[in-house]
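Trainee: Pasting a structure here, questions to come.
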Amino acid sequence: MTAIAMTTDPREDALRLIGRKRLIAMGVPALALLYLTYIFFAFDVPGLAQRARMDNAVILLSDAVSYKIHVTRDNRDDSITVSVEGSRRATFPQEHIPDWIVTEGNRTVIDLNDGHVVTYDGPLVTYDLPDFGPIVITIDDPIGLDLPVAGPVPEFINASDSRVVVTTSAGRLTVTRSRADTFRYFWGWELFFFDLQSPFFGFTPGEVLRAAFSSERVDPALPNWQAIIRDVWYNSIWRHGEVVWAIGETALMAFLGTFGAAIIALPLAFVAAKNFAPSRVARFGVRRLFDFVRGVDALIFTIILSRAFGPGPMTGALAIMITDSGSFGKLFSEALENTDRKQIEGVQSTGANAIQRYRFGVIPQVMPVLLSQVLYFLESNTRSATIIGAIVGGGIGLMLTQAIQTTSDWEKVTYYMILIVLLVIAMDSLSGWLRRKLIKGDEAGR
Amino acid sequence: MATVLPASAQLTEIREDYLELTRRRRMYSGILLIAFAVTFIAGFRIAENRNAGTFRDGFHRIFDFPRELIVEAWEKSANLPGHAARAFPALVETVNIALVSTLIGCLLGTALALGGTRGLAYWPRLIPVMRRISDIFRAVPEIVIALVLIFVMGGGPMPAMIAIAIHTAGAQGKLFSEVNENVDLKPLEGLASVGANWWQRTWLGVFPQVMPNYLSYSLLRLEINIRASAILGFVGAGGIGSELRNAMTFGQGRFDEAAAIFLMLFATIVIVDQISSLMRNSLTEGHRTA
């Protein structure tokens with residue numbers, strides 16, 4: 001290098017160097033851009049505009065933060081059913097029907113707020129829309145539609161011979177020959193604490209608190225505070241008890257997987273480390289084993305293990321354990337190769353045997369490094385445990401995928417997502433706290 | 001000799017103190033170790049109870065499925081190249097998802113890291129905001145974003161790509177900002193003194209210092225993202241993962257296809273790991289000699 005540099009003009013040399021750097025500075029972004037252009041077409045981004053279902057996005061967002069109450073009349077027997085999201089499990093009992101629905105004989109008046117009123121009256125269904133007038137729908141064959149003004153049917157009404165749908169800002173009315181259905185929208189998550197079967201349904205938070213400390217039993221079988229906990233835990237819509245178990249399973253998978261992997265990897269790492277390996281053949285074999293395990297990947301292990309152990313958290317924990325023992329083995333053996341021989345020799349000079357040498361000469365040196373790596377993995381494995389849970393069928397990952405597959409429980413999806421993020425953040429802070437605590441303690445102690 | 005006595009007394013005292021300290025430390029470590037062992041075993045038993053099959057029943061069956069797979073693949077080894085060729089476009093898709101999401105995620109992560117480092121940020125007031133954004137991006141598992149996006153966008157590689165890119169941006173944002181903390185500010189001051197603006201200072205003063213580390217972390221992330229992209233496919237996001245899932249549902253007698261996909265996936269992961277580790281080694285070597 002120096003010989004060439006001496007024979008050429010240093011200025012030319014510098015210019016050539018700058019030129020080459022500029023070429024790299026321009027060339028790499030150009031290549032990246034070229035690749036992204038290829039991806040743009042390979043991933044069919046232009047077609048995405050047609051495939052994307054923006055209406056789905058709207059459903060998702062509005063359903064995640066609001067809910068609707070269905071007021072359904074069966075046109076054959078004139079019975080009225082009031083339920084949350086049309087779910088049979090969340091049907092209001094007669095005595096709890098909200099006061100914005102008034103039934104007198106055959107006539108039901110539903111107040112949708114802002115002056116919007118829907119009336120079911122025998123074969124006539126009327127939607128009284130402010131600034132527009134009453135829209136009268138007659139249940140007949142075909143269904144009749146009378147607008148207050150003559151002219152074309154406005155956009156917010158979708159009418160055919162068998163079905164009329166009126167969608168407004170306050171709610172939605174659907175009339176078919178067999179039934180009339182009115183939706184009223186509310187903010188928030190419905191029945192989050194108490195479902196409709198609970199005696200505490202409809203209590204304000206203050207009333208619940210007062211009831212908890214009152215000796216007058218709402219449910220004669222149990223003291224109030226126990227009944228409150230029971231009703232929340234066994235809430236039939238949100239199933240808080242199962243969710244808590246699922247979160248626990250996910251955390252458990254991460255915990256067992258991470259620490260189990262560390263326990264398996266530690267002795268093997270000694271065999272794989274250059275300065276501790278009993279023989280070169282053993283070292284080579286163990287290192288290839290680590291490489292193989294890391295290469296096979298969690299997905300493949302998860303599939304294989306769920307065939308052997310069936311679905312559940314243990315299968316997930318074992319999958320994480322096997323995958324990570326490869327990564328830990330590699331990391332640990334590298335840490336062991338970086339140990340200082342002097343401490344070991346010092347311990348040896350006192351007549352220590354092999355086990356004592358490792359315990360007092362090696363472990364104190366590598367422990368901080370090992371622990372901090374294990375704790376880093378604990379946090380990332382919490383995330384892996386959600387996805388592995390979705391495959392093996394355990395934990396919050398399974399509940400999340402099931403809720404998404406129904407494509408209607410978006411409030412639950414949102415709830416699970418928030419819980420997962422909170423779990424990951426909690427594990428992150430826990431592992432950070434432990435790392436600071438244990439490793440600092442070790443440093444001070446030695 | 002008179003001076004020795006108090007010294008030896010002191011020595012005894014020190015020794016007693018030391019032994020006492022050691023005993024206490026050993027007891028604490030012992031308690032910690034027992035507590036850990038109890039938690040671990042209890043946790044394992046809970047997990048086992050909530051599992052469909054027990055550890056003992058399943059243990060000897062671990063190798064049943066791999067054996068079945070290998071036997072079948074061996075018998076129909078003539079079919080393997082055909083299956084591999086059929087699944088190849090899906091593999092390319094998986095690799096592309098990983099590459100694009102790493103590229104985009106690392107670019108976003110660079111922006112987040114620059115915006116979140118004191119002394120380098122363009123808007124110093126937004127530093128906490130940038131840090132929180134990267135924390136949140138990092139905490140959201142890919143599967144959550146991917147599944148929601150599949151509902152909105154329909155199938156295809158885009159949902160997985162976006163999901164992995166978002167997580168990558170958060171993770172790299174944190175790693176890169178740790179690299180940025182160690183940036184030597186003198187070149188920046190030098191550039192500022194000749195009137196360089198923020199872009200010029202960053203481009204000429206920061207990037208040359210951090211680039212080797214950034215690239216090395218990005219390559220590591222590529223290794224992670226290849227795996228993430230395969231596993232996301234299995235839960236519904238396309239690519240080789242969904243091919244594998246389909247092949248698995250065919251069941252016994254048609255495991256040769258699954259075997260071909262297993263082999264391709266394994267080979268891809270190993271190749272990417274090897275290339276990445278070679279490039280990382282050359283990066284650190286180059287950094288050392290420079």
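Chain labels run A, B, ... following the order of the structure tokens; each chain numbers its residues from 1, and ligands are numbered from 1 in the order shown.
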Find the residues in chain A near chain B: any atom within 8 Å counts, using only C-alpha atoms. Write them as a ChimeraX atom specification.

Mentor: /A:36,39,43,45,48,51-54,56-57,249,252-253,256,295-297,299-300,304-305,307-315,383-384,386-387,390-391,400-401,404,407,417,420-421,424-425

Trainee: Would you output that residue set with C-alpha atoms, as a compact mmCIF listing (two decimals), in the first residue's frame?

Mentor:
# COMPACT_ATOMS: atom_id res chain seq x y z
CA LEU A 36 -37.67 -1.28 -3.49
CA ILE A 39 -40.59 -5.06 -4.36
CA PHE A 43 -45.64 -7.30 -3.56
CA VAL A 45 -48.58 -2.58 -4.01
CA LEU A 48 -53.34 -3.21 -2.74
CA ARG A 51 -57.73 -5.23 -2.22
CA ALA A 52 -57.56 -3.08 0.90
CA ARG A 53 -60.89 -2.96 2.66
CA MET A 54 -61.12 0.47 4.11
CA ASN A 56 -63.01 -3.09 7.40
CA ALA A 57 -60.62 -0.57 8.87
CA GLU A 249 -49.27 -18.89 30.56
CA LEU A 252 -44.64 -18.74 32.07
CA MET A 253 -43.64 -19.98 28.61
CA LEU A 256 -39.46 -21.54 31.59
CA GLY A 295 -30.74 -23.05 12.25
CA VAL A 296 -33.77 -25.28 12.68
CA ASP A 297 -35.59 -22.35 14.26
CA LEU A 299 -41.15 -22.53 14.06
CA ILE A 300 -39.98 -26.02 13.16
CA ILE A 304 -42.49 -31.00 15.94
CA LEU A 305 -43.10 -30.59 19.66
CA ARG A 307 -47.11 -33.21 17.59
CA ALA A 308 -45.44 -34.94 20.53
CA PHE A 309 -46.90 -33.06 23.50
CA GLY A 310 -50.18 -31.70 22.15
CA PRO A 311 -51.29 -28.10 22.50
CA GLY A 312 -50.52 -26.16 25.64
CA PRO A 313 -48.03 -23.92 27.40
CA MET A 314 -45.51 -26.66 28.15
CA THR A 315 -45.08 -27.34 24.45
CA ARG A 383 -42.96 -11.57 22.49
CA SER A 384 -42.03 -14.91 20.91
CA THR A 386 -47.33 -14.81 22.11
CA ILE A 387 -46.70 -15.98 18.56
CA ALA A 390 -50.84 -18.88 18.68
CA ILE A 391 -49.31 -21.94 16.98
CA LEU A 400 -55.78 -12.97 20.28
CA THR A 401 -55.83 -15.01 17.08
CA ILE A 404 -59.23 -11.72 15.34
CA THR A 407 -63.67 -10.45 12.81
CA MET A 417 -53.27 -6.09 22.36
CA ILE A 420 -49.73 -8.00 25.52
CA VAL A 421 -47.93 -4.69 25.18
CA VAL A 424 -43.89 -7.05 27.32
CA ILE A 425 -43.20 -3.69 28.93

Trainee: Let's see if you can do this: from backbone DSSP, list all helix (DSSP H, G or I) residues in range 2-186 of chain B, as a ChimeraX atom specification.

Mentor: /B:4-49,55-59,64-75,77-115,124-139,142-153,157-181,186

Trainee: CA of Glu257 in chain B and CA of Leu80 in chain B are how many Å apart?

Mentor: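 Pair CA of Glu257 in chain B / CA of Leu80 in chain B returns 6.9 Å.
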
Trainee: Compile the contact shell of Leu175 in chain B as number ranges by chain: residues with an atom at most 10 Å away, counting only C-alpha atoms, same-chain residues fewer than 6 positions apart removed.

Mentor: B: 109-110, 113, 169, 213-214, 217-218

Trainee: Could you list, as a list of chain:residue names, every residue within 12 Å of Asn275 in chain A, counting only C-alpha atoms and ignoring same-chain residues fewer than 5 positions away?

Mentor: A:Ala269, A:Phe270, A:Arg280, A:Arg283, A:Ser333, A:Glu334, A:Ala335, A:Leu336, A:Glu337, A:Asn338, A:Thr339, A:Asp340, A:Arg341, A:Ile344, A:Val362

Trainee: Residues near Gln197 in chain A, anyone? I mean within 9 Å using only C-alpha atoms, not counting same-chain ones fewer than 3 positions away, as a list in words.

Mentor: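 The filter keeps Ala90, Phe92, Pro93, Phe194, Phe200, Phe201, Asp231, Asn235 and Ser236 of chain A.
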
Trainee: At a cut-off of 9 Å, using only C-alpha atoms, what residues contact Phe132 in chain A? Leave out same-chain residues fewer than 3 positions from it and give the result as a list in words.

Mentor: Asp128, Leu129, Ile135, Leu147, Pro148 and Val149 of chain A

Trainee: Mind checking which residues fall within 10 Å of Arg357 in chain A, counting only C-alpha atoms, ignoring those fewer than 2 positions away in the same chain, and posting them as a compact mmCIF listing (two decimals) with N, CA, C and O atoms, in the first residue's frame?

Mentor:
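So result06.txt came out as:
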# COMPACT_ATOMS: atom_id res chain seq x y z
N GLN A 343 -7.34 -15.84 37.37
CA GLN A 343 -8.20 -16.15 38.52
C GLN A 343 -8.30 -17.65 38.73
O GLN A 343 -8.29 -18.13 39.86
N ILE A 344 -8.38 -18.38 37.61
CA ILE A 344 -8.49 -19.83 37.73
C ILE A 344 -7.20 -20.39 38.33
O ILE A 344 -7.24 -21.25 39.21
N GLU A 345 -6.08 -19.86 37.85
CA GLU A 345 -4.79 -20.33 38.37
C GLU A 345 -4.67 -20.02 39.85
O GLU A 345 -4.15 -20.82 40.64
N GLY A 346 -5.16 -18.85 40.22
CA GLY A 346 -5.14 -18.46 41.62
C GLY A 346 -5.91 -19.45 42.48
O GLY A 346 -5.43 -19.90 43.53
N VAL A 347 -7.10 -19.81 42.02
CA VAL A 347 -7.91 -20.77 42.77
C VAL A 347 -7.22 -22.13 42.79
O VAL A 347 -7.18 -22.81 43.81
N GLN A 348 -6.59 -22.48 41.64
CA GLN A 348 -5.92 -23.77 41.53
C GLN A 348 -4.75 -23.86 42.51
O GLN A 348 -4.49 -24.91 43.10
N SER A 349 -4.06 -22.72 42.70
CA SER A 349 -2.87 -22.71 43.57
C SER A 349 -3.24 -23.03 45.01
O SER A 349 -2.39 -23.41 45.79
N THR A 350 -4.53 -22.86 45.38
CA THR A 350 -4.93 -23.21 46.74
C THR A 350 -5.31 -24.68 46.85
O THR A 350 -5.81 -25.11 47.89
N GLY A 351 -5.13 -25.42 45.75
CA GLY A 351 -5.41 -26.85 45.78
C GLY A 351 -6.84 -27.21 45.42
O GLY A 351 -7.32 -28.27 45.81
N ALA A 352 -7.53 -26.33 44.71
CA ALA A 352 -8.92 -26.59 44.37
C ALA A 352 -9.02 -27.65 43.28
O ALA A 352 -8.16 -27.72 42.39
N ASN A 353 -10.06 -28.46 43.35
CA ASN A 353 -10.27 -29.44 42.28
C ASN A 353 -11.04 -28.79 41.14
O ASN A 353 -11.35 -27.59 41.18
N ALA A 354 -11.36 -29.58 40.11
CA ALA A 354 -11.92 -29.01 38.88
C ALA A 354 -13.23 -28.28 39.15
O ALA A 354 -13.42 -27.14 38.71
N ILE A 355 -14.13 -28.93 39.91
CA ILE A 355 -15.43 -28.31 40.20
C ILE A 355 -15.22 -27.00 40.94
O ILE A 355 -15.83 -25.97 40.61
N ARG A 359 -16.29 -23.26 39.94
CA ARG A 359 -17.23 -22.54 40.78
C ARG A 359 -16.64 -21.19 41.23
O ARG A 359 -17.32 -20.17 41.22
N PHE A 360 -15.36 -21.19 41.64
CA PHE A 360 -14.81 -19.97 42.21
C PHE A 360 -13.92 -19.20 41.25
O PHE A 360 -13.66 -18.02 41.45
N GLY A 361 -13.44 -19.87 40.20
CA GLY A 361 -12.53 -19.17 39.27
C GLY A 361 -13.24 -18.68 38.02
O GLY A 361 -12.88 -17.65 37.46
N VAL A 362 -14.25 -19.42 37.57
CA VAL A 362 -14.86 -19.10 36.27
C VAL A 362 -16.23 -18.44 36.44
O VAL A 362 -16.48 -17.37 35.89
N ILE A 363 -17.09 -19.10 37.21
CA ILE A 363 -18.48 -18.62 37.31
C ILE A 363 -18.56 -17.14 37.73
O ILE A 363 -19.29 -16.36 37.11

Trainee: Given the choices B:Met279, B:Leu91, B:Ala259, B:Ala42, which gets closest to Val71 in chain B if the distance is worked out from only C-alpha atoms?

Mentor: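 Comparing B:Met279, B:Leu91, B:Ala259, B:Ala42 against Val71 in chain B, the winner is B:Ala259.
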
Trainee: Can you measure CA of Met130 in chain B to CA of Gly115 in chain B for me? One decimal in Å is fine.

Mentor: 6.1 Å

Trainee: Smallest atom-to-atom distance to Gly238 in chain B: which of B:Ile275, B:Ala78, B:His83, B:Val92, using only C-alpha atoms?

Mentor: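 Looking at the shortest contact to Gly238 in chain B, the residue is B:Val92.
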